[in-house]
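Engineer: The structure is given below, and queries will be raised subsequently.
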Amino acid sequence: MSEFIAVVGSLVMAAQPADASGYRLEAVPFTSVHVSDGFWTPRLETNRVVTIPFAFEQCEATGRLANFDRAAGAPGEHEGFFFNDSDVYKVIEGAAYSLAIHPDPELDAYLDALIERIAAAQLPDGYLNTYYTLKEPGKRWTNLRVMHELYCAGHLFEAAVAHHQATGKRTLLDVATRFADHIDATFGPGRLGGTPGHQEIEIGLMRLARHTGEKRYAELARYFLESRGRAEGRAEPLYGPYAQDHEPVARQREAVGHAVRAGYQYAAMADAAAYLGMDDYLPALDALWTDVVSSKMYVTGGLGARRSGEAFGDPYELPNDSAYAETCAAIAGALWAHRMALLHADARYADVLERIVYNAFLAGVSLSGDRFFYPNPLACDGHTNFNQGTPDRAAWFACACCPVNVARFIPSIPGYVYATSKDAVFVNLYMGGTAEMRVGDTPVSITQQTDYPWDGVIRLTINPERPVAFDLMMRVPSWTGDKPLGGSVLPSHLYSYAEGTDEPHELLVNGETAPERWSPGGYRRLTRMWQPGDTIELRLPMPVRRVVADERIEPNRGRVALERGPIVYCVEGVDNGGHALHLVLPDNASLTAQPRQDLLGGIVAVTAPALLAYYHEETDSVATREHALTAVPYYAWNHRGPGEMAVWIARDASVVPRPLRPTIASSARASASHTWSSDTVRALNDQAEPKHSNDGSIQRHTWWPRRGSTEWVQYDFARPTTVSGVEVYWFDDTGMGQCRPPRSWRLLYREGGQWKPVEATTPYTAQTDRWNTVEFRPVTTDGLRIEADLQPEFSAGILEWRVR
């Protein structure tokens, strides 16, 4: 089993000759698949008319585009993050895909003008990076670990290939190849040694090599891959597991660190294995895939359990309310699964692809196309600011990698539907429309009609230019439970269905039941001499099914998730009287699929007789009352304002957590001198118990990016309260970030509107992985304040602050 892939390179690859990529299957490119159905057509159009223009507007408003003008000589300083060039390139890539699918003279002209601005910023030696040109012109290539120069270059290369394919114009491709030539002349044996801190250039170089036929670009990608985990020839020390730079890539066996970085690395390894014949990468890719689907993937297909480091957690570490599951990581996961399917001709990878696309990815963008999730939790209390500082979908982010990645991924989705080999056509995804491809020397057109994912009937009409014999390989999804390889949620035992299904799928050719023949990879194989007008009908049963998790996933013990077809469901408070976290779905409750054209753009909801658990104060116990449960697709949650949400629902009331008793701290109003946009002051008094100082499973407050300053947090009490002690759990992200415990701190109390120091009877400590307790002579006050002196080179943060 094998690899991650990242980016739409797989689609472009498919447009090349059959042996260009080295993969076992070639994807039918998105330009040859014309989607026309009730589910994906509106999303493709929304991306074209809303998301892409909106992303360009945001790039203009935030100075991302002006940076290129200033790098070309216009007055002004660099604005925003050092990696902001990459956002512009990603939107261009998405616009190019959209342009290829839907010709638009206005968009074409806009891209021409924008590319002129980018080309003007390129230096005579080919170098192109607005941050270093404007901010640190003498320091290029001196901080590869952090500064994303090579990452930005990779996204430029991908955008350039996409634009050339869509328009035939070389304007951006010429910029890209000049920059690639500069990098090739700078790095490599006998030249500057270096390893990209954030993987991506490897994919861009592989894609540029396939498109231009210039194999040295692929060899440069190989060099960057081979430099990981090796200290020789490098000025910097190894970056460690966070950046997958802890051991040579061919020896890596466990997915660790930043999930998006990992995905992009595995993608490039897969390309190298196929295109350059680097077979020694295959065992690593197989082991990495198995590690993820067996212990590190959410039921939605999401990747990355920890907010700290946006990283994979330990095996079975899959929290729900603090799940990171970044939208970019979902995209990397979908691309990875697709490349796996191409490499192995195995339907199980396409099953994972489908799960990610309909759930983990699609949740990341609103139906309107202009509001986004950065992380994608599987539970929410409606108050926690999980989405980069808000409990709601956001219009944009300072670090905007997710919105622009959405803009380029959606128009590529048609390219995942079909793949071909020399004598076979593989149908991997189901969506209405037409497609053109070649089987051998024969052009073949396929028309697909379906109301998928709401209905399981799929009709295909095959129209070869002339009668031709080939195998048509139809994927029977694993969620049907009806295939020789077994019906499973993932190709592992991480999740399983609570009950079987007695409804078999049906497959008919020209109205007659087809012989049951399966490929080793789990496709139904139809072998015949195909005539123009031949029809196929696949009937997939779509009962609502309960999913249970491996008992080692602690938060899901005693809980179930709901699925119907490829869709994972959740319960939202807005449909359930404000409640989601305290609902109980008994095992014997009947589940009903209910079409709702009036809701969330038209969905199939799930209803069931259930219970609502509540705390009975008089008996100090949890009681229940009857409740009519409604569940909606997970991708559609948070379209009606913030509120409670849960994917995993309790099976009995004993699993429902009791409400926490109010404390002095939890009853106080928390505030701070400054709070980083992705953190929250509510973390100070949410009564979460840290496991350690870098516990990414809970919320945190940090003063990032302030360093070396004096900062404060404070509690305001509703009435004067007598207090005599505090406990503080300091945040520390050593190895991943720049937060450490403060150099010193002190506690103040408010008296007569003035802040005064308490008379401490124990010393102030700032140790990690423990509570730091300070006792003091009792005071009666309406407020407490912590003042912290930050270390000169570091910021600081607090996971929890208790008061006694």
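In the structure tokens, chains take letters A, B, ... by order of appearance, with residues numbered from 1 within each chain and ligands from 1 in the order shown.
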Would you pick out the contacts of Ala718 in chain A at 10 Å or less, using only C-alpha atoms, so that residues sharing its chain but fewer than 5 positions from it are not included, and give the list as a list in words?
Structural biologist: Ile664, Ser667, Ala668, Arg669, Asp782 and Gly783 of chain A
Engineer: Can you list, as a PyMOL selection string, all residues belonging to range 464-613 of chain A that DSSP tags as strand (DSSP E)?
Structural biologist: chain A and resi 464+468-475+495-497+506-509+512-513+523-530+534-539+544-549+559-564+567-572+583-584+592-596+603-613
Engineer: Considering only C-alpha atoms, state which residue in the set A:Val91, A:Ile101, A:Leu276, A:Ala270 is at the smallest distance from Ala337 in chain A.
Structural biologist: A:Ala270
Engineer: What's around range 694-701 of chain A at 7 Å? Count only C-alpha atoms, leave out sequence neighbours fewer than 5 positions away in its own chain, and write the answer as a list in words.
Structural biologist: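 The neighbour list is Arg306, Arg307, Ser308, Pro319, Ser322, Thr675, Asp679, Thr680, Val681, Ala683, Leu684, Ala688, Phe731, Asp732, Asp733, Gly797, Ile798 and Leu799 of chain A.
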Engineer: May I ask which of the residues A:Leu172, A:Met206, A:Ile567, A:Ile536 is the closest one to Gln122 in chain A, counting only C-alpha atoms?
Structural biologist: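 Distance minimum relative to Gln122 in chain A lands on A:Leu172.
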Engineer: Point out the residue among A:Ser294, A:Gln165, A:Gln791, A:Ser36 with the least atom-to-atom distance to Gly708 in chain A, counting only C-alpha atoms.
Structural biologist: A:Gln791
Engineer: So, counting only C-alpha atoms, which residue among A:Tyr614, A:Tyr131, A:Tyr97, A:Trp637 is closest to Thr167 in chain A?
Structural biologist: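 Of A:Tyr614, A:Tyr131, A:Tyr97, A:Trp637, the one nearest Thr167 in chain A is A:Tyr97, counting only C-alpha atoms.
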Engineer: Which neighbours of range 442-451 of chain A fall inside 7 Å, counting only C-alpha atoms, when residues of the same chain fewer than 4 positions from it are skipped, and could you give them as a list in words?
Structural biologist: Gly38, Met431, Gly432, Gly433, Thr434, Ala435, Glu436, Met437, Arg438, Asp455, Val457, Ile458, Arg459, Leu460, Thr461, Ile462, Asn463, Pro464 and Glu465 of chain A
Engineer: Report the distance between CA of Pro196 in chain A and CA of Arg408 in chain A in Å, rounded to one decimal place.
Structural biologist: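 Separating CA of Pro196 in chain A from CA of Arg408 in chain A is a distance of 22.7 Å.
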Engineer: For Ala27 in chain A, which residue out of A:Arg355, A:Arg559, A:Arg339, A:Arg525 is the nearest one, using only C-alpha atoms?
Structural biologist: A:Arg339
Engineer: Tell me which protein, DNA and RNA residues are within 7 Å of range 752-769 of chain A, counting only C-alpha atoms, leaving out same-chain ones fewer than 3 positions away, and put them as an NGL selection string.
Structural biologist: :A and (692-693 or 730 or 732 or 741-742 or 745 or 747-749 or 772 or 774-777)
Engineer: Write to file, as a CSV table (one decimal), in the first residue's frame, the residues of the selection just made, with N, CA, C and O atoms.
Structural biologist:
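In the end it all went to out13.csv:
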```csv
chain,number,residue,atom,x,y,z
A,692,HIS,N,0.0,17.7,29.9
A,692,HIS,CA,1.4,18.2,30.0
A,692,HIS,C,1.4,19.6,29.4
A,692,HIS,O,0.3,20.1,28.9
A,693,SER,N,2.5,20.3,29.4
A,693,SER,CA,2.6,21.7,29.0
A,693,SER,C,2.4,21.9,27.5
A,693,SER,O,2.2,23.1,27.1
A,730,TRP,N,1.6,26.4,32.9
A,730,TRP,CA,2.1,27.2,31.8
A,730,TRP,C,2.2,26.3,30.5
A,730,TRP,O,2.5,25.1,30.6
A,732,ASP,N,4.1,25.4,26.9
A,732,ASP,CA,5.4,25.3,26.4
A,732,ASP,C,5.4,24.4,25.2
A,732,ASP,O,5.0,23.2,25.2
A,741,PRO,N,7.6,29.1,29.3
A,741,PRO,CA,7.2,29.8,30.5
A,741,PRO,C,7.9,31.1,30.7
A,741,PRO,O,9.0,31.3,30.2
A,742,PRO,N,7.3,32.1,31.4
A,742,PRO,CA,7.9,33.4,31.5
A,742,PRO,C,9.2,33.4,32.3
A,742,PRO,O,9.4,32.5,33.1
A,745,TRP,N,7.0,36.0,37.1
A,745,TRP,CA,5.6,36.4,37.1
A,745,TRP,C,5.2,36.8,38.6
A,745,TRP,O,5.9,36.4,39.5
A,747,LEU,N,1.4,37.9,41.1
A,747,LEU,CA,0.0,38.0,41.2
A,747,LEU,C,-0.4,39.3,41.9
A,747,LEU,O,0.1,39.6,43.0
A,748,LEU,N,-1.4,39.9,41.3
A,748,LEU,CA,-2.0,41.2,41.9
A,748,LEU,C,-3.4,41.0,42.2
A,748,LEU,O,-4.1,40.2,41.6
A,749,TYR,N,-3.9,41.7,43.2
A,749,TYR,CA,-5.4,41.7,43.5
A,749,TYR,C,-5.8,43.2,43.4
A,749,TYR,O,-5.1,44.1,43.6
A,772,ASN,N,1.8,25.1,38.9
A,772,ASN,CA,2.7,26.0,39.7
A,772,ASN,C,1.8,26.7,40.7
A,772,ASN,O,1.0,27.6,40.3
A,774,VAL,N,0.9,29.0,44.0
A,774,VAL,CA,1.3,30.1,44.9
A,774,VAL,C,0.3,30.3,46.0
A,774,VAL,O,-0.9,30.5,45.7
A,775,GLU,N,0.7,30.2,47.2
A,775,GLU,CA,-0.2,30.6,48.3
A,775,GLU,C,0.1,32.0,48.8
A,775,GLU,O,1.3,32.5,48.7
A,776,PHE,N,-0.9,32.7,49.3
A,776,PHE,CA,-0.7,34.0,49.8
A,776,PHE,C,-1.7,34.3,50.9
A,776,PHE,O,-2.6,33.6,51.1
A,777,ARG,N,-1.4,35.4,51.6
A,777,ARG,CA,-2.3,35.8,52.7
A,777,ARG,C,-3.6,36.1,52.2
A,777,ARG,O,-3.7,36.8,51.1
```
Engineer: Fewer than 6 positions away in the same chain doesn't count, so skip those; otherwise give me all residues within 12 Å of Ile356 in chain A, counting only C-alpha atoms, as a PyMOL selection string.
Structural biologist: chain A and resi 293+297-303+325-338+349-350+362-364+413+489-490+566-568+634-635
Engineer: Write the residues of the selection above to a file with C-alpha atoms, as a CSV table (one decimal), in the first residue's frame.
Structural biologist:
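As a result, selection08.csv now contains:
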```csv
chain,number,residue,atom,x,y,z
A,293,VAL,CA,-5.5,4.4,8.3
A,297,MET,CA,-7.4,9.0,10.7
A,298,TYR,CA,-10.8,10.4,11.8
A,299,VAL,CA,-14.0,8.8,10.7
A,300,THR,CA,-14.5,11.8,8.4
A,301,GLY,CA,-11.1,11.1,6.8
A,302,GLY,CA,-9.5,14.0,8.6
A,303,LEU,CA,-5.8,14.0,9.4
A,325,ALA,CA,-8.0,18.0,11.1
A,326,GLU,CA,-6.9,21.0,9.0
A,327,THR,CA,-8.7,21.6,5.7
A,328,CYS,CA,-5.3,21.6,3.9
A,329,ALA,CA,-4.5,18.2,5.5
A,330,ALA,CA,-7.8,16.8,4.1
A,331,ILE,CA,-6.8,18.0,0.7
A,332,ALA,CA,-3.4,16.3,1.1
A,333,GLY,CA,-5.2,13.1,2.3
A,334,ALA,CA,-7.5,13.1,-0.7
A,335,LEU,CA,-4.6,13.5,-3.1
A,336,TRP,CA,-2.7,10.8,-1.3
A,337,ALA,CA,-5.5,8.3,-1.5
A,338,HIS,CA,-6.0,9.1,-5.2
A,349,TYR,CA,-7.8,3.8,-1.7
A,350,ALA,CA,-10.7,5.3,-3.7
A,362,LEU,CA,-16.1,19.6,2.1
A,363,ALA,CA,-16.7,20.8,5.7
A,364,GLY,CA,-13.9,23.3,5.2
A,413,ILE,CA,-12.3,17.0,-8.4
A,489,VAL,CA,-15.2,2.0,7.2
A,490,LEU,CA,-11.5,2.3,6.5
A,566,PRO,CA,-20.5,8.2,1.7
A,567,ILE,CA,-21.8,10.8,4.1
A,568,VAL,CA,-20.9,11.1,7.7
A,634,TYR,CA,-21.1,16.8,8.8
A,635,TYR,CA,-20.0,18.9,5.8
```
Engineer: Based on the backbone DSSP call, show me all residues of range 114-345 of chain A assigned alpha helix (DSSP H), as a PyMOL selection string.
Structural biologist: chain A and resi 114-120+130-134+144-147+149-167+171-186+201-212+215-227+259-275+282-295+327-344
Engineer: Can you pull out the residues contacting Ser671 in chain A? Cut-off 12 Å, using only C-alpha atoms, and skip same-chain residues under 6 positions away; I want them as a PyMOL selection string.
Structural biologist: chain A and resi 680-685+701-703+711-717+783-786
Engineer: Set out as JSON lines a contact list for range 267-345 of chain A and range 517-524 of chain A with a cut-off of 12 Å, giving each residue of range 267-345 of chain A that qualifies its closest atom pair and distance in Å to one decimal, counting only C-alpha atoms, ordered by chain and rising residue number.
Structural biologist:
```
{"residue": "A:Met340", "atom": "CA", "partner": "A:Gly521", "partner_atom": "CA", "distance": 11.6}
{"residue": "A:Ala341", "atom": "CA", "partner": "A:Gly521", "partner_atom": "CA", "distance": 9.3}
{"residue": "A:Leu342", "atom": "CA", "partner": "A:Gly521", "partner_atom": "CA", "distance": 11.3}
{"residue": "A:Leu343", "atom": "CA", "partner": "A:Gly521", "partner_atom": "CA", "distance": 11.3}
{"residue": "A:His344", "atom": "CA", "partner": "A:Gly521", "partner_atom": "CA", "distance": 7.8}
{"residue": "A:Ala345", "atom": "CA", "partner": "A:Gly521", "partner_atom": "CA", "distance": 6.2}
```
Engineer: Could you list, with a cut-off of 12 Å and counting only C-alpha atoms, the residues of range 275-324 of chain A near range 210-227 of chain A, each shown with its nearest atom pair and the distance in Å rounded to one decimal, rows sorted by chain and ascending number, as JSON lines?
Structural biologist:
```
{"residue": "A:Tyr275", "atom": "CA", "partner": "A:Ala218", "partner_atom": "CA", "distance": 8.3}
{"residue": "A:Leu276", "atom": "CA", "partner": "A:Ala218", "partner_atom": "CA", "distance": 7.7}
{"residue": "A:Gly277", "atom": "CA", "partner": "A:Arg222", "partner_atom": "CA", "distance": 11.0}
{"residue": "A:Met278", "atom": "CA", "partner": "A:Arg222", "partner_atom": "CA", "distance": 9.2}
{"residue": "A:Asp280", "atom": "CA", "partner": "A:Glu226", "partner_atom": "CA", "distance": 11.6}
{"residue": "A:Tyr281", "atom": "CA", "partner": "A:Leu225", "partner_atom": "CA", "distance": 10.5}
```
Engineer: Could the residues in this selection be saved with N, CA, C and O atoms as a short mmCIF file (atom, residue, chain, number, x, y, z; two decimals), in the first residue's frame?
Structural biologist:
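Final output, saved to selection_18.cif:
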```
data_model
loop_
_atom_site.label_atom_id
_atom_site.label_comp_id
_atom_site.auth_asym_id
_atom_site.auth_seq_id
_atom_site.Cartn_x
_atom_site.Cartn_y
_atom_site.Cartn_z
N TYR A 275 8.02 7.87 -11.14
CA TYR A 275 8.65 8.55 -12.27
C TYR A 275 10.15 8.25 -12.37
O TYR A 275 10.69 8.12 -13.46
N LEU A 276 10.80 8.15 -11.20
CA LEU A 276 12.25 7.92 -11.18
C LEU A 276 12.62 6.49 -10.84
O LEU A 276 13.79 6.15 -10.75
N GLY A 277 11.60 5.65 -10.60
CA GLY A 277 11.87 4.25 -10.30
C GLY A 277 12.52 4.04 -8.96
O GLY A 277 13.29 3.07 -8.78
N MET A 278 12.22 4.89 -7.99
CA MET A 278 12.83 4.76 -6.66
C MET A 278 12.03 3.77 -5.83
O MET A 278 11.26 4.13 -4.92
N ASP A 280 12.87 1.87 -3.54
CA ASP A 280 13.17 1.79 -2.11
C ASP A 280 12.24 2.67 -1.28
O ASP A 280 12.20 2.55 -0.06
N TYR A 281 11.48 3.56 -1.94
CA TYR A 281 10.49 4.37 -1.22
C TYR A 281 9.21 3.58 -0.95
O TYR A 281 8.43 3.95 -0.06
#
```
Engineer: Could you give me, as a Markdown table, a per-residue list for range 6-97 of chain A showing, wherever an atom lies at most 12 Å from an atom of range 591-602 of chain A, the closest pair of atoms and their distance in Å to one decimal, using only C-alpha atoms and sorting by chain then residue number from low to high?
Structural biologist:
```
| residue | atom | partner | partner_atom | distance |
| --- | --- | --- | --- | --- |
| A:Gly38 | CA | A:Gly602 | CA | 9.3 |
| A:Phe39 | CA | A:Gly602 | CA | 9.0 |
| A:Trp40 | CA | A:Gly601 | CA | 11.8 |
| A:Pro42 | CA | A:Gly601 | CA | 9.7 |
| A:Arg43 | CA | A:Gly601 | CA | 10.7 |
```
Engineer: Just the selected residues (C-alpha atoms), exported as a compact mmCIF listing (two decimals), in the first residue's frame, please.
Structural biologist:
```
# COMPACT_ATOMS: atom_id res chain seq x y z
CA GLY A 38 -27.27 18.21 -8.58
CA PHE A 39 -24.49 17.91 -6.02
CA TRP A 40 -21.16 18.85 -7.60
CA PRO A 42 -23.43 23.90 -7.90
CA ARG A 43 -20.19 23.59 -5.94
```
